[in-house]
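Shown next: data21.csv, given as CSV, C-alpha atoms.
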chain,number,residue,atom,x,y,z
A,1,MET,CA,0.0,0.0,0.0
A,2,THR,CA,1.5,3.3,-1.0
A,3,LEU,CA,1.6,6.3,1.4
A,4,PRO,CA,-0.7,9.2,0.8
A,5,ASN,CA,0.5,12.8,0.5
A,6,ILE,CA,4.2,12.0,0.2
A,7,SER,CA,6.6,14.5,-1.3
A,8,VAL,CA,10.4,14.4,-1.6
A,9,LYS,CA,12.7,17.4,-2.1
A,10,LEU,CA,16.4,18.2,-2.2
A,11,ALA,CA,17.2,19.6,1.2
A,12,THR,CA,18.6,23.1,1.5
A,13,LEU,CA,19.9,25.2,4.4
A,14,THR,CA,16.3,26.1,5.4
A,15,ASP,CA,15.6,22.4,6.0
A,16,LEU,CA,18.4,22.1,8.7
A,17,PRO,CA,15.9,22.0,11.6
A,18,ASP,CA,14.0,19.1,10.0
A,19,LEU,CA,17.2,17.3,9.1
A,20,ARG,CA,18.5,17.8,12.7
A,21,SER,CA,15.4,16.2,14.2
A,22,LEU,CA,15.4,13.3,11.8
A,23,TRP,CA,19.2,12.7,12.4
A,24,ARG,CA,18.5,12.6,16.1
A,25,ALA,CA,15.8,10.0,15.6
A,26,PHE,CA,18.1,8.0,13.3
A,27,VAL,CA,20.8,7.9,16.0
A,28,ASP,CA,18.3,6.9,18.7
A,29,ASP,CA,17.0,4.2,16.4
A,30,GLN,CA,20.4,2.7,15.6
A,31,ARG,CA,21.5,2.1,19.2
A,32,ILE,CA,25.2,2.5,18.2
A,33,THR,CA,27.5,0.9,20.8
A,34,TYR,CA,30.8,2.2,19.2
A,35,PRO,CA,31.7,5.0,18.9
A,36,VAL,CA,29.9,6.2,22.0
A,37,GLY,CA,27.9,9.4,22.6
A,38,VAL,CA,27.0,10.0,19.0
A,39,ALA,CA,23.7,11.6,19.9
A,40,ALA,CA,25.6,14.3,21.9
A,41,SER,CA,27.3,15.3,18.6
A,42,ILE,CA,24.1,16.7,17.2
A,43,ASP,CA,25.5,20.2,17.0
A,44,THR,CA,28.5,19.0,15.2
A,45,PHE,CA,26.3,17.1,12.7
A,46,THR,CA,24.2,20.2,12.2
A,47,ARG,CA,27.2,22.4,11.6
A,48,GLN,CA,28.8,19.9,9.2
A,49,ALA,CA,25.5,19.5,7.3
A,50,ALA,CA,25.2,23.3,7.0
A,51,ILE,CA,28.8,23.6,5.7
A,52,ALA,CA,28.4,20.8,3.2
A,53,MET,CA,25.1,22.1,1.8
A,54,ALA,CA,26.3,25.7,1.7
A,55,ALA,CA,29.4,24.7,-0.3
A,56,GLU,CA,29.5,25.6,-4.0
A,57,PRO,CA,28.8,23.0,-5.4
A,58,PRO,CA,27.3,21.3,-2.3
A,59,THR,CA,29.5,18.4,-1.1
A,60,VAL,CA,26.5,16.3,0.1
A,61,VAL,CA,23.2,15.5,-1.5
A,62,CYS,CA,20.2,15.1,0.8
A,63,PHE,CA,16.7,14.0,-0.1
A,64,LEU,CA,14.0,14.9,2.4
A,65,ALA,CA,10.7,13.1,2.5
A,66,TYR,CA,7.5,14.8,3.9
A,67,GLN,CA,4.1,13.5,4.6
A,68,GLY,CA,2.1,16.6,4.2
A,69,THR,CA,4.2,19.1,6.0
A,70,VAL,CA,5.7,16.6,8.4
A,71,PRO,CA,9.3,15.4,7.8
A,72,VAL,CA,9.3,11.6,7.8
A,73,GLY,CA,12.6,10.6,6.4
A,74,PHE,CA,15.9,11.4,4.6
A,75,LEU,CA,18.7,10.0,2.6
A,76,LEU,CA,22.0,11.8,2.6
A,77,TYR,CA,24.9,10.8,0.4
A,78,GLU,CA,28.3,12.2,-0.4
A,79,PRO,CA,30.4,11.8,-3.6
A,80,GLN,CA,33.8,10.5,-2.3
A,81,THR,CA,37.1,9.5,-3.8
A,82,ARG,CA,39.7,6.8,-2.8
A,83,ILE,CA,43.4,6.8,-3.4
A,84,PHE,CA,44.0,3.1,-4.1
A,85,GLY,CA,42.0,0.9,-6.5
A,86,ASP,CA,38.9,1.3,-8.6
A,87,PRO,CA,36.3,2.8,-8.6
A,88,SER,CA,38.2,5.9,-7.5
A,89,HIS,CA,34.9,7.9,-7.4
A,90,PHE,CA,31.7,6.6,-5.7
A,91,GLY,CA,28.6,7.7,-3.9
A,92,PHE,CA,28.7,7.1,-0.1
A,93,ILE,CA,25.3,6.9,1.6
A,94,HIS,CA,25.8,8.3,5.1
A,95,TYR,CA,22.2,8.0,6.3
A,96,LEU,CA,18.9,6.6,5.3
A,97,TYR,CA,16.2,7.0,7.9
A,98,LEU,CA,12.4,6.7,7.9
A,99,ASP,CA,10.0,7.4,10.7
A,100,PRO,CA,8.7,4.0,11.9
A,101,ALA,CA,5.2,5.0,10.9
A,102,VAL,CA,6.1,5.1,7.2
A,103,ARG,CA,8.3,2.1,6.9
A,104,HIS,CA,7.7,-0.9,4.6
A,105,ARG,CA,5.6,1.2,2.3
A,106,GLY,CA,8.0,1.8,-0.6
A,107,LEU,CA,9.4,5.1,0.6
A,108,ALA,CA,12.9,3.9,1.2
A,109,THR,CA,12.8,2.4,-2.3
A,110,MET,CA,11.7,5.8,-3.6
A,111,LEU,CA,14.6,7.6,-1.9
A,112,ALA,CA,17.1,4.9,-3.0
A,113,THR,CA,15.9,5.3,-6.6
A,114,LEU,CA,16.3,9.1,-6.5
A,115,ALA,CA,19.8,8.8,-4.9
A,116,GLY,CA,20.8,6.1,-7.4
A,117,GLU,CA,19.7,8.1,-10.4
A,118,HIS,CA,21.3,11.2,-9.0
A,119,MET,CA,24.6,9.4,-8.6
A,120,ILE,CA,24.4,8.0,-12.1
A,121,ALA,CA,23.7,11.5,-13.5
A,122,ALA,CA,26.8,12.7,-11.6
A,123,GLY,CA,28.9,10.1,-13.5
A,124,LEU,CA,29.3,7.7,-10.6
A,125,SER,CA,29.2,3.9,-11.1
A,126,HIS,CA,29.2,2.5,-7.6
A,127,CYS,CA,27.5,3.2,-4.3
A,128,GLU,CA,28.8,2.3,-0.8
A,129,ILE,CA,27.3,2.2,2.6
A,130,THR,CA,28.3,1.4,6.2
A,131,THR,CA,26.0,-0.7,8.4
A,132,LYS,CA,26.2,-2.4,11.7
A,133,PRO,CA,27.7,-5.9,11.5
A,134,ASP,CA,24.3,-7.6,11.9
A,135,ASP,CA,22.4,-5.4,9.4
A,136,THR,CA,21.6,-7.3,6.2
A,137,GLN,CA,18.7,-5.2,4.8
A,138,TRP,CA,20.9,-3.8,2.0
A,139,ALA,CA,21.7,-7.1,0.5
A,140,ASP,CA,18.4,-7.1,-1.3
A,141,LEU,CA,19.6,-4.1,-3.3
A,142,GLY,CA,22.8,-5.9,-4.3
A,143,PHE,CA,25.2,-4.6,-1.7
A,144,ILE,CA,28.1,-6.9,-1.0
A,145,PRO,CA,30.2,-6.5,2.2
A,146,TYR,CA,33.8,-5.8,1.2
A,147,GLU,CA,35.4,-4.7,4.5
A,148,THR,CA,34.7,-4.9,8.2
A,149,ARG,CA,36.0,-2.3,10.6
A,150,SER,CA,36.9,-3.3,14.2
A,151,TYR,CA,38.1,-1.5,17.3
A,152,VAL,CA,40.1,-2.3,20.4
A,153,ALA,CA,41.3,-0.3,23.4
A,154,CYS,CA,45.1,0.1,22.9
A,155,THR,CA,45.7,-1.1,26.5
A,156,THR,CA,43.6,-4.3,25.8
A,157,ALA,CA,45.7,-5.1,22.7
A,158,LEU,CA,48.9,-4.4,24.6
A,159,GLY,CA,47.8,-6.7,27.4
A,160,LEU,CA,46.8,-9.5,25.0
A,161,VAL,CA,50.1,-9.3,23.0
A,162,ALA,CA,52.1,-9.4,26.3
A,163,GLU,CA,50.1,-12.5,27.3
A,164,ARG,CA,50.9,-14.2,24.0
A,165,GLN,CA,54.5,-13.4,24.3
A,166,ARG,CA,54.6,-14.7,27.9
A,167,ARG,CA,53.0,-17.9,26.8
A,168,ALA,CA,55.4,-18.3,23.9
A,169,ALA,CA,58.4,-17.6,26.2
A,170,ALA,CA,57.2,-20.1,28.7
A,171,ARG,CA,56.9,-22.7,26.0
A,172,HIS,CA,60.3,-22.1,24.4
A,173,GLY,CA,62.3,-21.1,27.5
A,174,ASN,CA,64.3,-23.4,29.7
A,175,GLY,CA,62.2,-22.9,32.8
A,176,LEU,CA,59.1,-24.6,31.5
A,177,ASP,CA,55.8,-23.4,33.0
A,178,HIS,CA,53.3,-26.1,32.4
A,179,SER,CA,50.4,-24.0,33.6
A,180,VAL,CA,50.5,-22.0,30.3
A,181,THR,CA,50.2,-23.1,26.7
A,182,GLU,CA,51.2,-21.3,23.6
A,183,ALA,CA,48.8,-18.9,22.1
A,184,PRO,CA,48.5,-18.7,18.3
A,185,SER,CA,50.6,-16.2,16.4
A,186,PRO,CA,48.9,-12.9,15.4
A,187,ASP,CA,49.4,-14.0,11.8
A,188,ALA,CA,47.1,-17.0,12.3
A,189,PRO,CA,43.3,-16.7,12.5
A,190,PRO,CA,42.1,-16.9,16.1
A,191,ALA,CA,40.8,-20.3,17.0
A,192,GLU,CA,37.4,-19.0,18.0
A,193,GLU,CA,36.9,-17.5,14.6
A,194,PRO,CA,36.2,-19.9,11.7
A,195,ALA,CA,37.5,-18.9,8.3
A,196,GLU,CA,34.9,-17.0,6.2
A,197,GLU,CA,33.7,-17.8,2.8
B,1,MET,CA,66.9,-10.8,16.4
B,2,HIS,CA,64.9,-8.1,14.7
B,3,THR,CA,65.0,-4.4,15.2
B,4,ILE,CA,62.2,-1.9,14.6
B,5,ARG,CA,62.5,1.7,13.6
B,6,PHE,CA,60.6,4.4,11.8
B,7,ALA,CA,60.9,4.2,8.1
B,8,THR,CA,62.5,7.1,6.1
B,9,LEU,CA,62.4,8.1,2.5
B,10,ALA,CA,65.4,5.9,1.9
B,11,ASP,CA,63.2,2.9,2.7
B,12,LEU,CA,60.8,3.6,-0.1
B,13,PRO,CA,62.0,0.8,-2.4
B,14,SER,CA,61.7,-1.8,0.3
B,15,LEU,CA,58.3,-0.5,1.3
B,16,ARG,CA,57.1,-0.6,-2.3
B,17,THR,CA,58.3,-4.2,-2.6
B,18,MET,CA,56.7,-5.4,0.6
B,19,TRP,CA,53.4,-3.6,0.0
B,20,SER,CA,53.2,-5.2,-3.4
B,21,ALA,CA,53.8,-8.6,-1.8
B,22,MET,CA,51.2,-7.9,0.8
B,23,ILE,CA,48.5,-6.8,-1.6
B,24,ARG,CA,49.0,-10.0,-3.6
B,25,GLU,CA,48.2,-12.0,-0.5
B,26,VAL,CA,45.0,-10.1,0.5
B,27,PRO,CA,41.9,-11.9,-0.9
B,28,GLN,CA,40.4,-8.5,-1.9
B,29,GLN,CA,37.7,-8.3,-4.5
B,30,TYR,CA,36.8,-4.6,-4.1
B,31,PRO,CA,38.1,-2.0,-4.8
B,32,ALA,CA,39.5,-3.6,-8.0
B,33,ALA,CA,42.9,-3.1,-9.6
B,34,MET,CA,44.7,-3.1,-6.2
B,35,THR,CA,47.6,-5.2,-7.7
B,36,SER,CA,47.9,-3.1,-10.8
B,37,PRO,CA,51.2,-1.2,-11.5
B,38,GLU,CA,49.3,2.1,-11.4
B,39,THR,CA,48.1,1.4,-7.9
B,40,LEU,CA,51.6,0.4,-6.8
B,41,ASP,CA,52.8,3.8,-8.1
B,42,ASP,CA,49.9,5.5,-6.3
B,43,PHE,CA,51.1,3.8,-3.1
B,44,THR,CA,54.7,4.8,-3.6
B,45,ARG,CA,53.7,8.4,-4.2
B,46,GLN,CA,51.5,8.4,-1.2
B,47,ALA,CA,54.2,6.8,1.0
B,48,ALA,CA,56.7,9.4,-0.2
B,49,ARG,CA,54.3,12.2,0.8
B,50,VAL,CA,53.7,10.6,4.2
B,51,LEU,CA,57.3,10.0,5.0
B,52,THR,CA,58.2,13.6,4.1
B,53,ASP,CA,55.3,15.3,5.8
B,54,PRO,CA,56.6,17.9,8.2
B,55,TYR,CA,53.6,17.4,10.5
B,56,PRO,CA,53.0,13.7,10.1
B,57,VAL,CA,49.8,12.0,11.1
B,58,THR,CA,50.6,8.7,9.3
B,59,PHE,CA,53.7,6.7,10.3
B,60,CYS,CA,55.5,3.6,9.1
B,61,LEU,CA,57.5,1.2,11.2
B,62,LEU,CA,60.1,-1.0,9.6
B,63,ALA,CA,61.2,-4.3,11.0
B,64,GLU,CA,64.7,-5.4,10.0
B,65,ILE,CA,66.9,-8.5,10.6
B,66,ASP,CA,70.6,-7.9,10.0
B,67,GLY,CA,69.7,-4.8,8.1
B,68,ASP,CA,67.3,-6.5,5.7
B,69,PRO,CA,63.7,-5.3,5.8
B,70,VAL,CA,61.3,-8.1,6.8
B,71,GLY,CA,58.1,-6.3,7.7
B,72,PHE,CA,56.3,-3.0,8.2
B,73,HIS,CA,53.4,-1.4,10.1
B,74,ILE,CA,51.6,1.6,8.6
B,75,PHE,CA,49.4,3.4,11.1
B,76,GLY,CA,47.9,6.9,11.4
B,77,PHE,CA,45.9,9.1,13.6
B,78,GLN,CA,42.3,9.8,12.4
B,79,ARG,CA,39.6,12.1,13.8
B,80,ARG,CA,36.0,11.2,14.2
B,81,ASP,CA,33.6,14.2,14.5
B,82,LEU,CA,30.5,12.3,15.7
B,83,GLY,CA,30.9,10.3,18.9
B,84,LEU,CA,33.8,9.2,21.1
B,85,PRO,CA,36.7,8.5,21.0
B,86,HIS,CA,37.3,11.6,18.8
B,87,GLU,CA,40.8,10.5,17.9
B,88,ILE,CA,41.9,7.0,17.1
B,89,VAL,CA,44.9,5.3,15.7
B,90,PHE,CA,44.0,3.4,12.5
B,91,CYS,CA,46.2,0.5,11.5
B,92,TYR,CA,46.4,0.6,7.7
B,93,ALA,CA,48.6,-2.5,7.2
B,94,VAL,CA,50.9,-4.9,9.1
B,95,TYR,CA,53.0,-7.1,6.9
B,96,VAL,CA,55.7,-9.6,7.7
B,97,ASP,CA,57.7,-11.6,5.1
B,98,SER,CA,56.4,-15.1,5.1
B,99,ALA,CA,59.8,-16.5,6.2
B,100,TYR,CA,59.6,-14.5,9.5
B,101,ARG,CA,56.0,-15.2,10.5
B,102,ARG,CA,55.0,-16.9,13.7
B,103,THR,CA,57.9,-15.1,15.3
B,104,ASP,CA,57.6,-11.9,17.4
B,105,VAL,CA,58.0,-9.6,14.5
B,106,ALA,CA,54.3,-8.8,13.9
B,107,GLU,CA,53.6,-8.6,17.6
B,108,ASP,CA,56.5,-6.2,18.1
B,109,LEU,CA,55.4,-4.0,15.2
B,110,ALA,CA,51.9,-3.9,16.7
B,111,LEU,CA,53.3,-3.2,20.2
B,112,VAL,CA,55.5,-0.3,19.1
B,113,GLY,CA,52.5,1.2,17.2
B,114,ALA,CA,50.2,0.8,20.1
B,115,GLU,CA,52.7,2.2,22.6
B,116,TYR,CA,53.3,5.2,20.3
B,117,ALA,CA,49.6,5.9,20.1
B,118,LEU,CA,49.2,5.6,23.9
B,119,ALA,CA,52.1,8.1,24.3
B,120,GLN,CA,50.2,10.5,22.1
B,121,GLY,CA,47.1,10.1,24.3
B,122,VAL,CA,45.2,8.0,21.9
B,123,THR,CA,43.2,5.2,23.6
B,124,HIS,CA,41.6,3.2,20.8
B,125,CYS,CA,42.9,1.4,17.7
B,126,GLU,CA,40.8,0.5,14.6
B,127,ILE,CA,41.4,-1.8,11.7
B,128,THR,CA,39.6,-3.1,8.7
B,129,ARG,CA,39.7,-6.5,7.2
B,130,VAL,CA,38.3,-7.9,4.0
B,131,PRO,CA,36.1,-11.0,4.0
B,132,GLY,CA,38.3,-14.1,4.4
B,133,GLN,CA,40.9,-12.3,6.6
B,134,ALA,CA,41.2,-13.0,10.3
B,135,GLY,CA,39.3,-10.5,12.5
B,136,ARG,CA,42.1,-10.3,15.1
B,137,ARG,CA,39.6,-11.1,17.9
B,138,GLY,CA,42.5,-12.7,19.7
B,139,LEU,CA,43.9,-9.2,20.0
B,140,GLY,CA,40.6,-7.9,21.4
B,141,PHE,CA,39.2,-6.4,18.2
B,142,THR,CA,35.4,-6.1,18.1
B,143,PRO,CA,33.7,-5.5,14.7
B,144,PHE,CA,31.4,-2.4,14.8
B,145,GLU,CA,30.7,-1.6,11.2
B,146,VAL,CA,30.6,-3.3,7.8
B,147,HIS,CA,31.3,-1.5,4.5
B,148,SER,CA,29.3,-2.7,1.5
B,149,GLN,CA,29.3,-1.7,-2.1
B,150,ALA,CA,27.0,-2.2,-5.1
B,151,PRO,CA,27.2,-1.0,-8.8
B,152,LEU,CA,24.5,1.6,-9.3
B,153,ALA,CA,23.1,-0.4,-12.3
B,154,THR,CA,22.6,-3.4,-10.0
B,155,ILE,CA,20.8,-1.2,-7.4
B,156,ILE,CA,18.4,0.3,-10.0
B,157,SER,CA,17.7,-3.2,-11.4
B,158,ARG,CA,17.0,-4.7,-8.0
B,159,ILE,CA,14.7,-1.8,-7.2
B,160,ASP,CA,12.7,-2.6,-10.4
B,161,GLN,CA,12.5,-6.2,-9.3
B,162,ARG,CA,11.4,-5.1,-5.8
B,163,ARG,CA,8.6,-3.0,-7.3
B,164,GLN,CA,7.5,-5.8,-9.5
B,165,ARG,CA,7.3,-8.1,-6.5
B,166,ARG,CA,5.3,-5.5,-4.6
B,167,ALA,CA,2.9,-5.0,-7.5
B,168,ARG,CA,2.3,-8.8,-7.8
B,169,LEU,CA,1.6,-9.0,-4.1
B,170,ALA,CA,-0.8,-6.1,-4.3
B,171,ILE,CA,-2.7,-7.7,-7.2
B,172,LEU,CA,-2.9,-11.2,-5.7
B,173,PRO,CA,-5.4,-10.4,-2.9
B,174,LYS,CA,-7.7,-8.7,-5.3
B,175,LYS,CA,-7.6,-11.7,-7.6
B,176,GLN,CA,-8.4,-14.0,-4.7
B,177,GLU,CA,-11.2,-11.8,-3.7
B,178,ALA,CA,-12.6,-12.0,-7.2
B,179,LEU,CA,-12.5,-15.8,-7.2

Would you encode the structure as structure tokens?
Amino acid sequence: MTLPNISVKLATLTDLPDLRSLWRAFVDDQRITYPVGVAASIDTFTRQAAIAMAAEPPTVVCFLAYQGTVPVGFLLYEPQTRIFGDPSHFGFIHYLYLDPAVRHRGLATMLATLAGEHMIAAGLSHCEITTKPDDTQWADLGFIPYETRSYVACTTALGLVAERQRRAAARHGNGLDHSVTEAPSPDAPPAEEPAEE
Amino acid sequence: MHTIRFATLADLPSLRTMWSAMIREVPQQYPAAMTSPETLDDFTRQAARVLTDPYPVTFCLLAEIDGDPVGFHIFGFQRRDLGLPHEIVFCYAVYVDSAYRRTDVAEDLALVGAEYALAQGVTHCEITRVPGQAGRRGLGFTPFEVHSQAPLATIISRIDQRRQRRARLAILPKKQEAL
């Protein structure tokens, strides 16, 4: 069932208040565990969006969806470049958010179509996105994961490396400590992690 | 016994050789052309720029045994505007010649990089891996985001298919009602 009274427009500086409130809802909806405190960066987001939209030409493209006069969703993408490998130019979707009341009604598809056609018109051939590791909803549109980003506290990594080296030293040293066993090398896949694909 | 030091411009030929060897080992499908001579030249140019930067934010550690380079670690400081930590150290690449793996070389390259970051007041390290590579969970790394890509032609085609499916689903109940 299609939604009544829907309109989509290219966002401008006058839409910043609507964009700000939608971004806040997006962050609340995502429940991001790392980095922390993203919602507190709302002023930074607003400032960056303003700078990007005020640039000539604008460095981001944002489609805003309204139901009547109520903002109900947005898609924001940025043309980006990479130094190594092809494609060197691509469209990166930073955000796609819909109010829960208007989901599963074809609006996300409409926004994705507009963004896709806009990117093609801009001469881009590929689109990229970032999702949480358990989010597979983009696979339906042909998105293929190509890289996973991970984090660790430096002190945790240092502690675990030291533990590995202690175990290795105990195994290979003269004074054998039979209470420890050798941990795998950092070059080997961890035992708890089966090889992918 | 290996030694570790910061690389200089004089190490560029060794870095170029080892980076080329590393890229050939990475089971990377996207972005394409990573093993091409042009990309190797891009890396060399970029490395030269980084190694001569008067205010460096990217660094390269070189591991040597008897003066011969056997591995490297390229890392750099990055800033995140939204959320904490604001500043992180990003590990671009750690490579050790296959003859020297399962020794302490990779661990020491990682240690020196992590200690350098901590000394600069940076508390968190981030890495990326391609599908098929180890996730380094043994070193405490936790995945927090996945980067995906699709050709725009594929996306538009899939959207058409999605709309056709939805149209069929919308027609079906009406047909059943008619029956």

Select from chain B every residue with an atom at most 6 Å from any atom of chain A, then for each give the shortest pair of atoms and their distance in Å to one decimal, using only C-alpha atoms, rows by chain and rising number, as JSON lines.
{"residue": "B:Pro31", "atom": "CA", "partner": "A:Asp86", "partner_atom": "CA", "distance": 5.1}
{"residue": "B:Ala32", "atom": "CA", "partner": "A:Asp86", "partner_atom": "CA", "distance": 5.0}
{"residue": "B:Ala33", "atom": "CA", "partner": "A:Gly85", "partner_atom": "CA", "distance": 5.1}
{"residue": "B:Met34", "atom": "CA", "partner": "A:Gly85", "partner_atom": "CA", "distance": 4.8}
{"residue": "B:Thr39", "atom": "CA", "partner": "A:Phe84", "partner_atom": "CA", "distance": 5.8}
{"residue": "B:Leu82", "atom": "CA", "partner": "A:Ser41", "partner_atom": "CA", "distance": 5.3}
{"residue": "B:Gly83", "atom": "CA", "partner": "A:Val38", "partner_atom": "CA", "distance": 3.9}
{"residue": "B:Leu84", "atom": "CA", "partner": "A:Val36", "partner_atom": "CA", "distance": 5.0}
{"residue": "B:Arg102", "atom": "CA", "partner": "A:Ser185", "partner_atom": "CA", "distance": 5.2}
{"residue": "B:Ala114", "atom": "CA", "partner": "A:Cys154", "partner_atom": "CA", "distance": 5.9}
{"residue": "B:Thr123", "atom": "CA", "partner": "A:Cys154", "partner_atom": "CA", "distance": 5.5}
{"residue": "B:His124", "atom": "CA", "partner": "A:Ala153", "partner_atom": "CA", "distance": 4.4}
{"residue": "B:Cys125", "atom": "CA", "partner": "A:Val152", "partner_atom": "CA", "distance": 5.4}
{"residue": "B:Glu126", "atom": "CA", "partner": "A:Tyr151", "partner_atom": "CA", "distance": 4.3}
{"residue": "B:Ile127", "atom": "CA", "partner": "A:Ser150", "partner_atom": "CA", "distance": 5.4}
{"residue": "B:Thr128", "atom": "CA", "partner": "A:Arg149", "partner_atom": "CA", "distance": 4.1}
{"residue": "B:Arg129", "atom": "CA", "partner": "A:Thr148", "partner_atom": "CA", "distance": 5.3}
{"residue": "B:Val130", "atom": "CA", "partner": "A:Glu147", "partner_atom": "CA", "distance": 4.3}
{"residue": "B:Gly132", "atom": "CA", "partner": "A:Glu196", "partner_atom": "CA", "distance": 4.8}
{"residue": "B:Ala134", "atom": "CA", "partner": "A:Pro189", "partner_atom": "CA", "distance": 4.8}
{"residue": "B:Gly138", "atom": "CA", "partner": "A:Pro190", "partner_atom": "CA", "distance": 5.5}
{"residue": "B:Leu139", "atom": "CA", "partner": "A:Ala157", "partner_atom": "CA", "distance": 5.2}
{"residue": "B:Gly140", "atom": "CA", "partner": "A:Val152", "partner_atom": "CA", "distance": 5.7}
{"residue": "B:Phe141", "atom": "CA", "partner": "A:Val152", "partner_atom": "CA", "distance": 4.7}
{"residue": "B:Thr142", "atom": "CA", "partner": "A:Ser150", "partner_atom": "CA", "distance": 5.0}
{"residue": "B:Pro143", "atom": "CA", "partner": "A:Ser150", "partner_atom": "CA", "distance": 3.9}
{"residue": "B:Phe144", "atom": "CA", "partner": "A:Ser150", "partner_atom": "CA", "distance": 5.6}
{"residue": "B:Glu145", "atom": "CA", "partner": "A:Lys132", "partner_atom": "CA", "distance": 4.6}
{"residue": "B:Val146", "atom": "CA", "partner": "A:Thr148", "partner_atom": "CA", "distance": 4.4}
{"residue": "B:His147", "atom": "CA", "partner": "A:Thr130", "partner_atom": "CA", "distance": 4.5}
{"residue": "B:Ser148", "atom": "CA", "partner": "A:Pro145", "partner_atom": "CA", "distance": 4.0}
{"residue": "B:Gln149", "atom": "CA", "partner": "A:Glu128", "partner_atom": "CA", "distance": 4.2}
{"residue": "B:Ala150", "atom": "CA", "partner": "A:Phe143", "partner_atom": "CA", "distance": 4.5}
{"residue": "B:Pro151", "atom": "CA", "partner": "A:His126", "partner_atom": "CA", "distance": 4.2}
{"residue": "B:Leu152", "atom": "CA", "partner": "A:His126", "partner_atom": "CA", "distance": 5.1}
{"residue": "B:Ile155", "atom": "CA", "partner": "A:Leu141", "partner_atom": "CA", "distance": 5.2}
{"residue": "B:Arg158", "atom": "CA", "partner": "A:Leu141", "partner_atom": "CA", "distance": 5.4}

Rounded to one decimal in Å, what is the spacing between atom CA of Val8 of chain A and atom CA of Leu111 of chain A?
8.0 Å

What separation in Å, quoted to one decimal, exists between atom CA of Thr12 of chain A and atom CA of Cys62 of chain A?
8.2 Å

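For the pair atom CA of Phe6 of chain B and atom CA of Glu107 of chain B, the separation is 15.9 Å.
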
What's the 12 Å shell around Ile6 of chain A, counting all atoms listed in the file, without same-chain residues fewer than 3 positions away, as number ranges by chain?
A: 2-3, 9, 64-73, 102, 105-108, 110-111
